[in-house]
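Novice: This one is target-v9.txt, compact mmCIF, C-alpha atoms.
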```txt
# COMPACT_ATOMS: atom_id res chain seq x y z
CA MET Z 1 -6.13 -14.87 -2.14
CA ARG Z 2 -5.13 -18.00 -0.20
CA LEU Z 3 -1.56 -18.96 0.64
CA GLY Z 4 -1.67 -22.23 2.54
CA GLN Z 5 -3.45 -21.36 5.79
CA THR Z 6 -3.07 -17.61 5.20
CA THR Z 7 -5.76 -15.58 3.46
CA ILE Z 8 -5.34 -12.07 2.04
CA SER Z 9 -8.28 -9.88 1.00
CA PHE Z 10 -8.45 -6.31 -0.22
CA VAL Z 11 -11.02 -4.29 1.72
CA PRO Z 12 -11.99 -1.01 -0.02
CA ASP Z 13 -12.38 2.30 1.73
CA ARG Z 14 -13.24 4.37 -1.37
CA THR Z 15 -12.07 5.15 -4.90
CA ILE Z 16 -10.55 8.32 -6.27
CA SER Z 17 -10.23 9.46 -9.87
CA GLY Z 18 -8.68 12.28 -11.84
CA GLN Z 19 -6.79 13.23 -14.94
CA PRO Z 20 -3.92 10.78 -15.40
CA GLY Z 21 -1.44 13.57 -16.10
CA ASP Z 22 -2.28 15.13 -12.75
CA PHE Z 23 -1.25 11.93 -10.97
CA PHE Z 24 1.69 11.09 -13.24
CA PRO Z 25 3.30 14.25 -14.69
CA ASP Z 26 4.70 13.85 -18.23
CA SER Z 27 3.10 10.41 -18.67
CA ASP Z 28 1.77 9.19 -22.01
CA TRP Z 29 -1.29 6.94 -21.67
CA THR Z 30 -1.71 6.12 -25.36
CA ALA Z 31 -0.90 2.45 -24.74
CA HIS Z 32 -2.90 2.29 -21.52
CA THR Z 33 -6.32 3.76 -22.32
CA HIS Z 34 -7.89 0.41 -21.27
CA LEU Z 35 -6.96 1.36 -17.70
CA LEU Z 36 -8.94 4.63 -17.82
CA ASN Z 37 -12.64 5.11 -17.20
CA ASP Z 38 -15.13 6.36 -19.78
CA ALA Z 39 -14.26 9.96 -18.90
CA GLY Z 40 -10.57 9.31 -19.62
CA GLU Z 41 -9.69 9.44 -15.92
CA ALA Z 42 -7.33 7.26 -13.93
CA VAL Z 43 -9.19 5.46 -11.14
CA ALA Z 44 -7.49 4.27 -7.96
CA ASN Z 45 -8.70 2.10 -5.12
CA VAL Z 46 -7.95 3.20 -1.56
CA GLY Z 47 -8.25 0.69 1.24
CA SER Z 48 -6.59 -2.01 3.29
CA PHE Z 49 -5.30 -5.55 2.93
CA LEU Z 50 -6.84 -7.90 5.48
CA ILE Z 51 -4.67 -10.88 6.43
CA HIS Z 52 -5.78 -13.88 8.47
CA SER Z 53 -2.78 -15.96 9.50
CA SER Z 54 -1.28 -17.82 12.44
CA ALA Z 55 -0.19 -14.39 13.72
CA GLY Z 56 -3.81 -13.24 14.03
CA VAL Z 57 -5.84 -10.62 12.19
CA ILE Z 58 -3.62 -8.10 10.41
CA LEU Z 59 -4.40 -4.99 8.36
CA VAL Z 60 -1.92 -3.48 5.94
CA ASP Z 61 -2.65 0.24 5.49
CA LEU Z 62 -5.81 2.06 6.55
CA GLY Z 63 -7.36 4.08 3.74
CA LEU Z 64 -8.48 7.71 3.99
CA GLY Z 65 -10.56 7.39 7.13
CA PRO Z 66 -13.95 8.72 8.29
CA GLY Z 67 -16.31 9.21 5.37
CA GLY Z 68 -15.04 6.04 3.75
CA ALA Z 69 -16.43 2.52 3.92
CA LEU Z 70 -13.52 0.54 5.37
CA LEU Z 71 -15.19 -0.33 8.69
CA ASP Z 72 -18.44 -1.33 6.98
CA ASN Z 73 -16.55 -3.47 4.48
CA LEU Z 74 -14.54 -5.12 7.26
CA ALA Z 75 -17.83 -5.91 8.99
CA ALA Z 76 -19.01 -7.58 5.78
CA GLU Z 77 -15.90 -9.78 6.06
CA GLY Z 78 -16.88 -10.66 9.63
CA VAL Z 79 -14.19 -8.47 11.23
CA THR Z 80 -14.89 -5.90 13.94
CA PRO Z 81 -12.37 -3.21 14.95
CA ALA Z 82 -11.71 -5.10 18.20
CA ASP Z 83 -10.74 -8.22 16.21
CA VAL Z 84 -7.68 -6.57 14.64
CA ASP Z 85 -4.43 -7.56 16.34
CA LEU Z 86 -1.90 -5.68 14.22
CA VAL Z 87 -1.76 -2.86 11.68
CA ILE Z 88 1.29 -2.63 9.41
CA LEU Z 89 1.78 0.58 7.44
CA THR Z 90 3.71 0.65 4.18
CA HIS Z 91 4.14 4.41 4.65
CA LEU Z 92 2.36 7.33 6.28
CA HIS Z 93 0.70 9.24 3.45
CA ARG Z 94 -2.78 10.32 4.50
CA ASP Z 95 -4.56 7.83 2.22
CA HIS Z 96 -2.85 4.94 4.05
CA VAL Z 97 -3.41 5.96 7.69
CA GLY Z 98 -6.90 7.48 7.80
CA TRP Z 99 -8.51 4.96 10.14
CA ALA Z 100 -5.72 5.08 12.73
CA GLY Z 101 -7.21 4.88 16.20
CA ALA Z 102 -10.24 2.86 15.08
CA PHE Z 103 -8.80 -0.46 16.28
CA PRO Z 104 -8.70 -0.55 20.08
CA ARG Z 105 -6.36 -3.54 20.55
CA ALA Z 106 -4.09 -3.16 17.54
CA ARG Z 107 -0.42 -2.28 17.58
CA TYR Z 108 0.81 -0.11 14.69
CA LEU Z 109 4.10 -1.01 12.99
CA VAL Z 110 5.94 1.37 10.65
CA ASP Z 111 9.50 1.95 9.46
CA ARG Z 112 11.49 4.07 11.94
CA THR Z 113 12.72 6.52 9.29
CA GLU Z 114 9.17 6.96 8.03
CA TRP Z 115 7.86 7.73 11.49
CA GLU Z 116 10.66 10.19 12.27
CA TYR Z 117 10.20 12.03 8.96
CA TRP Z 118 6.44 12.51 9.24
CA SER Z 119 6.59 13.34 12.93
CA ALA Z 120 8.79 16.26 11.91
CA HIS Z 121 6.75 17.11 8.75
CA PRO Z 122 3.06 16.49 9.64
CA GLY Z 123 0.10 17.54 7.54
CA GLY Z 124 -0.04 18.05 3.79
CA VAL Z 125 0.10 14.64 2.09
CA GLY Z 126 1.21 13.10 5.38
CA PRO Z 127 -0.71 12.08 8.51
CA ASP Z 128 -3.05 14.50 10.24
CA PRO Z 129 -1.07 15.92 13.19
CA ASP Z 130 -4.12 16.25 15.45
CA ARG Z 131 -6.03 13.05 14.72
CA VAL Z 132 -3.70 10.45 13.21
CA LEU Z 133 -0.23 11.00 14.68
CA PRO Z 134 -1.40 10.84 18.31
CA ALA Z 135 -3.43 7.70 17.61
CA LEU Z 136 -0.39 5.99 16.09
CA ALA Z 137 1.98 7.14 18.81
CA GLN Z 138 -0.12 5.52 21.54
CA ARG Z 139 0.64 1.97 20.32
CA LEU Z 140 3.56 2.45 17.96
CA GLY Z 141 6.06 -0.24 17.05
CA HIS Z 142 8.55 -0.71 14.25
CA LEU Z 143 9.22 -3.23 11.51
CA ASP Z 144 11.68 -5.28 13.56
CA GLU Z 145 8.54 -6.56 15.33
CA LEU Z 146 6.92 -8.13 12.25
CA PRO Z 147 5.32 -11.53 12.85
CA ALA Z 148 6.26 -14.76 11.13
CA GLY Z 149 5.05 -14.81 7.55
CA VAL Z 150 5.55 -11.08 6.96
CA ARG Z 151 8.87 -9.65 5.78
CA ALA Z 152 9.73 -6.02 5.14
CA VAL Z 153 11.17 -5.13 1.72
CA PRO Z 154 12.56 -1.59 2.09
CA THR Z 155 11.72 0.59 -0.94
CA PRO Z 156 12.40 4.23 0.04
CA GLY Z 157 11.75 6.88 -2.58
CA HIS Z 158 8.03 7.48 -2.68
CA THR Z 159 8.52 8.41 0.96
CA PRO Z 160 11.70 8.23 3.07
CA GLY Z 161 10.78 4.92 4.72
CA HIS Z 162 8.39 3.37 2.21
CA THR Z 163 8.25 -0.42 2.63
CA CYS Z 164 6.72 -3.26 0.65
CA LEU Z 165 5.60 -6.36 2.54
CA LEU Z 166 6.24 -9.95 1.47
CA ILE Z 167 3.57 -12.36 2.73
CA THR Z 168 4.41 -16.06 2.88
CA ASP Z 169 3.04 -19.27 4.39
CA PRO Z 170 5.04 -22.42 5.15
CA ALA Z 171 2.51 -24.56 3.28
CA THR Z 172 3.29 -23.10 -0.17
CA GLU Z 173 6.04 -21.62 -2.30
CA GLU Z 174 3.60 -19.02 -3.64
CA ARG Z 175 3.79 -15.59 -2.02
CA VAL Z 176 2.30 -12.10 -2.24
CA LEU Z 177 4.23 -8.83 -2.31
CA ILE Z 178 2.08 -5.93 -1.13
CA LEU Z 179 3.47 -2.98 -3.04
CA GLY Z 180 2.15 -0.02 -1.05
CA ASP Z 181 2.74 2.93 -3.37
CA LEU Z 182 5.72 1.49 -5.21
CA LEU Z 183 3.26 1.20 -8.11
CA HIS Z 184 0.05 3.20 -8.27
CA THR Z 185 -1.26 1.74 -11.54
CA ARG Z 186 -0.77 -1.40 -13.61
CA ALA Z 187 0.59 0.85 -16.35
CA GLN Z 188 3.79 1.11 -14.30
CA PHE Z 189 4.52 -2.57 -14.94
CA THR Z 190 5.56 -1.45 -18.41
CA GLU Z 191 6.26 2.22 -17.54
CA PRO Z 192 8.33 1.93 -14.34
CA HIS Z 193 9.98 5.28 -15.11
CA TRP Z 194 6.70 7.15 -14.52
CA ARG Z 195 6.88 9.24 -11.37
CA PHE Z 196 3.94 9.88 -9.11
CA ARG Z 197 3.25 13.49 -8.17
CA SER Z 198 3.99 13.00 -4.45
CA ASP Z 199 7.22 10.99 -4.77
CA VAL Z 200 9.60 12.64 -2.31
CA ASP Z 201 12.61 11.30 -4.27
CA PRO Z 202 11.43 10.41 -7.80
CA ASP Z 203 14.78 9.02 -8.99
CA ARG Z 204 15.10 6.72 -6.01
CA ALA Z 205 11.48 5.60 -6.35
CA ARG Z 206 12.12 4.80 -10.01
CA HIS Z 207 15.16 2.66 -9.17
CA GLN Z 208 13.23 0.84 -6.45
CA ARG Z 209 10.42 0.03 -8.89
CA ALA Z 210 12.86 -1.36 -11.44
CA ASP Z 211 14.67 -3.45 -8.82
CA VAL Z 212 11.49 -4.91 -7.32
CA LEU Z 213 10.00 -5.74 -10.71
CA ALA Z 214 13.24 -7.40 -11.80
CA HIS Z 215 13.46 -9.47 -8.62
CA TYR Z 216 9.85 -10.40 -7.88
CA ARG Z 217 8.36 -11.06 -11.30
CA ASP Z 218 9.58 -14.60 -10.76
CA GLY Z 219 6.56 -16.77 -11.50
CA ARG Z 220 5.73 -17.43 -7.86
CA THR Z 221 5.20 -13.95 -6.42
CA ILE Z 222 1.86 -12.20 -6.88
CA LEU Z 223 2.32 -8.43 -6.91
CA ALA Z 224 -0.55 -6.71 -5.10
CA GLY Z 225 -1.27 -3.00 -5.49
CA GLY Z 226 -3.79 -1.39 -3.17
CA HIS Z 227 -4.36 1.43 -5.65
CA PHE Z 228 -4.95 -0.88 -8.63
CA HIS Z 229 -8.49 -0.48 -9.94
CA GLY Z 230 -10.43 -3.74 -9.96
CA THR Z 231 -8.62 -6.66 -8.39
CA PRO Z 232 -5.40 -5.66 -6.64
CA PHE Z 233 -3.72 -9.01 -7.26
CA GLY Z 234 -1.37 -9.43 -10.19
CA GLU Z 235 -0.92 -7.99 -13.63
CA GLU Z 236 -4.18 -7.67 -15.51
CA PRO Z 237 -4.18 -8.77 -19.16
CA ARG Z 238 -5.66 -6.41 -21.72
```
Represent the structure of the file as structure tokens.

Specialist:
Amino acid sequence: MRLGQTTISFVPDRTISGQPGDFFPDSDWTAHTHLLNDAGEAVANVGSFLIHSSAGVILVDLGLGPGGALLDNLAAEGVTPADVDLVILTHLHRDHVGWAGAFPRARYLVDRTEWEYWSAHPGGVGPDPDRVLPALAQRLGHLDELPAGVRAVPTPGHTPGHTCLLITDPATEERVLILGDLLHTRAQFTEPHWRFRSDVDPDRARHQRADVLAHYRDGRTILAGGHFHGTPFGEEPR
């Protein structure tokens, strides 16, 4: 995806799959079977958005970590770990922070509330307390340090400090909103009331989804979901 002089690519780490009702309790997939695989499973990408801009080389989120293919896939894009200037984290669930510590020059930016919550509640669905939290803490910054062309859109609910990221470039009116886990599947474009199993505050997450969809489905904003199967950019027609 190109926005003026800014490019945005999705770099996979791995995919995960499972019964859709396990991911989205009480969901009805009758109208969305085209999004399931041949075994009737929901499939989700896990990975990172790679941004090349005037601010340098930026990654948004970091996949599940060792055992995945993120570093190999970055290499295929011509990016080494030492090339990465900045890592921005939409939130600190384990499938978004797994490669923390792999980028020797990068600074890590995350919402303050998010960092404070997971520092007090490590493990489980959150960051590994022995491997990931120390790696982040060494070069930690917060979202008031975002570079030009990246704006935080606070969307707490899935986690206490969950944040979407709006990517812009002065050369174009078009923009990309990286959704983090505000939406996990394209089905939620028409089923925004569906809750994900690890939403810390399902009602708040639901309201945030509705507000973002109402505001940013504006004809010039491409909504990008890192967990969307296939291309992460935009709503996929049937």

Novice: Rank nothing, just name the residue among Z:Arg131, Z:His32, Z:His93, Z:Arg14 nearest to Z:Ala187, using only C-alpha atoms.

Specialist: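 The closest residue to Z:Ala187 is Z:His32.
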
Novice: Would you work out the distance separating atom CA of Z:Leu50 from atom CA of Z:Asp130, expressed in Å to one decimal?

Specialist: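 Those two atoms sit 26.3 Å apart.
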
Novice: Pick out the closest residue to Z:Val97 from this set: Z:Pro192, Z:Gly226, Z:Gly157, Z:Pro127. Count all atoms listed in the file.

Specialist: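 With all atoms listed in the file as the atom set, the closest residue is Z:Pro127.
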
Novice: Grab the atom CA of Z:Ala31 to atom CA of Z:Val43 distance for me, in Å with one decimal place.

Specialist: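 So the two atoms, atom CA of Z:Ala31 and atom CA of Z:Val43, lie 16.2 Å apart.
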
Novice: Ranking Z:Pro104, Z:Thr159, Z:Leu86, Z:Pro154 by minimum distance to Z:His121 and counting all atoms listed in the file, which one comes first?

Specialist: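 Among Z:Pro104, Z:Thr159, Z:Leu86, Z:Pro154, it is Z:Thr159 that comes nearest to Z:His121.
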
Novice: Measure the distance from atom CA of Z:Trp29 to atom CA of Z:His227 in Å and round it to one decimal.

Specialist: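 These atoms are spaced 17.2 Å apart.
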
Novice: Give the answer as one residue: which of Z:Asn45, Z:Ser27, Z:Thr6, Z:Thr80 has the shortest atom-to-atom distance to Z:Pro232, using only C-alpha atoms?

Specialist: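 Distance minimum relative to Z:Pro232 lands on Z:Asn45.
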
Novice: Around all of stretch 79-85 of chain Z's listed atoms, make the axis-aligned box with 5 Å on each side and tell me centre and edge lengths in Å to one decimal, as lines of an AutoDock Vina configuration file.

Specialist:
```
center_x = -9.7
center_y = -5.8
center_z = 14.7
size_x = 20.5
size_y = 15.3
size_z = 17.0
```

Novice: Between Z:Ala210, Z:Ala42, Z:Ala75, Z:Ala148, which has the minimum distance to Z:Ser54 (counting all atoms listed in the file)?

Specialist: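 Ranking Z:Ala210, Z:Ala42, Z:Ala75, Z:Ala148 by distance to Z:Ser54, first place goes to Z:Ala148.
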
Novice: Could you check the closest approach to Z:Thr231 for each of Z:His193, Z:Arg186, Z:His142, Z:His96 and tell me which residue wins, using only C-alpha atoms?

Specialist: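 Using only C-alpha atoms, the shortest distance to Z:Thr231 belongs to Z:Arg186.
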
Novice: Using 12 Å as the limit and counting only C-alpha atoms, can you tabulate each residue of stretch 102-155 of chain Z that touches stretch 58-70 of chain Z, with its shortest atom-to-atom distance in Å and the two atoms involved, as a Markdown table?

Specialist:
```
| residue | atom | partner | partner_atom | distance |
| --- | --- | --- | --- | --- |
| Z:Ala102 | CA | Z:Gly65 | CA | 9.2 |
| Z:Phe103 | CA | Z:Leu59 | CA | 10.1 |
| Z:Arg105 | CA | Z:Ile58 | CA | 11.5 |
| Z:Ala106 | CA | Z:Ile58 | CA | 8.7 |
| Z:Arg107 | CA | Z:Ile58 | CA | 9.8 |
| Z:Tyr108 | CA | Z:Leu59 | CA | 9.5 |
| Z:Leu109 | CA | Z:Val60 | CA | 9.6 |
| Z:Val110 | CA | Z:Asp61 | CA | 10.1 |
| Z:Val125 | CA | Z:Leu64 | CA | 11.2 |
| Z:Gly126 | CA | Z:Leu64 | CA | 11.2 |
| Z:Pro127 | CA | Z:Leu64 | CA | 10.0 |
| Z:Asp128 | CA | Z:Leu64 | CA | 10.7 |
| Z:Arg131 | CA | Z:Gly65 | CA | 10.5 |
| Z:Val132 | CA | Z:Gly65 | CA | 9.7 |
| Z:Leu136 | CA | Z:Leu62 | CA | 11.7 |
| Z:Leu146 | CA | Z:Ile58 | CA | 10.7 |
| Z:Pro147 | CA | Z:Ile58 | CA | 9.9 |
| Z:Ala148 | CA | Z:Ile58 | CA | 11.9 |
| Z:Gly149 | CA | Z:Ile58 | CA | 11.3 |
| Z:Val150 | CA | Z:Ile58 | CA | 10.2 |
| Z:Ala152 | CA | Z:Val60 | CA | 12.0 |
```

Novice: If you keep C-alpha atoms, can you produce a file of those selected residues as a short mmCIF file (atom, residue, chain, number, x, y, z; two decimals), keeping the file's coordinate frame?

Specialist:
```
data_model
loop_
_atom_site.label_atom_id
_atom_site.label_comp_id
_atom_site.auth_asym_id
_atom_site.auth_seq_id
_atom_site.Cartn_x
_atom_site.Cartn_y
_atom_site.Cartn_z
CA ALA Z 102 -10.24 2.86 15.08
CA PHE Z 103 -8.80 -0.46 16.28
CA ARG Z 105 -6.36 -3.54 20.55
CA ALA Z 106 -4.09 -3.16 17.54
CA ARG Z 107 -0.42 -2.28 17.58
CA TYR Z 108 0.81 -0.11 14.69
CA LEU Z 109 4.10 -1.01 12.99
CA VAL Z 110 5.94 1.37 10.65
CA VAL Z 125 0.10 14.64 2.09
CA GLY Z 126 1.21 13.10 5.38
CA PRO Z 127 -0.71 12.08 8.51
CA ASP Z 128 -3.05 14.50 10.24
CA ARG Z 131 -6.03 13.05 14.72
CA VAL Z 132 -3.70 10.45 13.21
CA LEU Z 136 -0.39 5.99 16.09
CA LEU Z 146 6.92 -8.13 12.25
CA PRO Z 147 5.32 -11.53 12.85
CA ALA Z 148 6.26 -14.76 11.13
CA GLY Z 149 5.05 -14.81 7.55
CA VAL Z 150 5.55 -11.08 6.96
CA ALA Z 152 9.73 -6.02 5.14
#
```

Novice: Write out as JSON, numbers by chain which residues come within 12 Å of Z:Thr168 when counting all atoms listed in the file, dropping same-chain ones fewer than 3 positions away.

Specialist: {"Z": [1, 2, 3, 4, 5, 6, 7, 8, 51, 52, 53, 54, 55, 147, 148, 149, 150, 151, 152, 165, 171, 172, 173, 174, 175, 176, 177, 178, 220, 221, 222]}
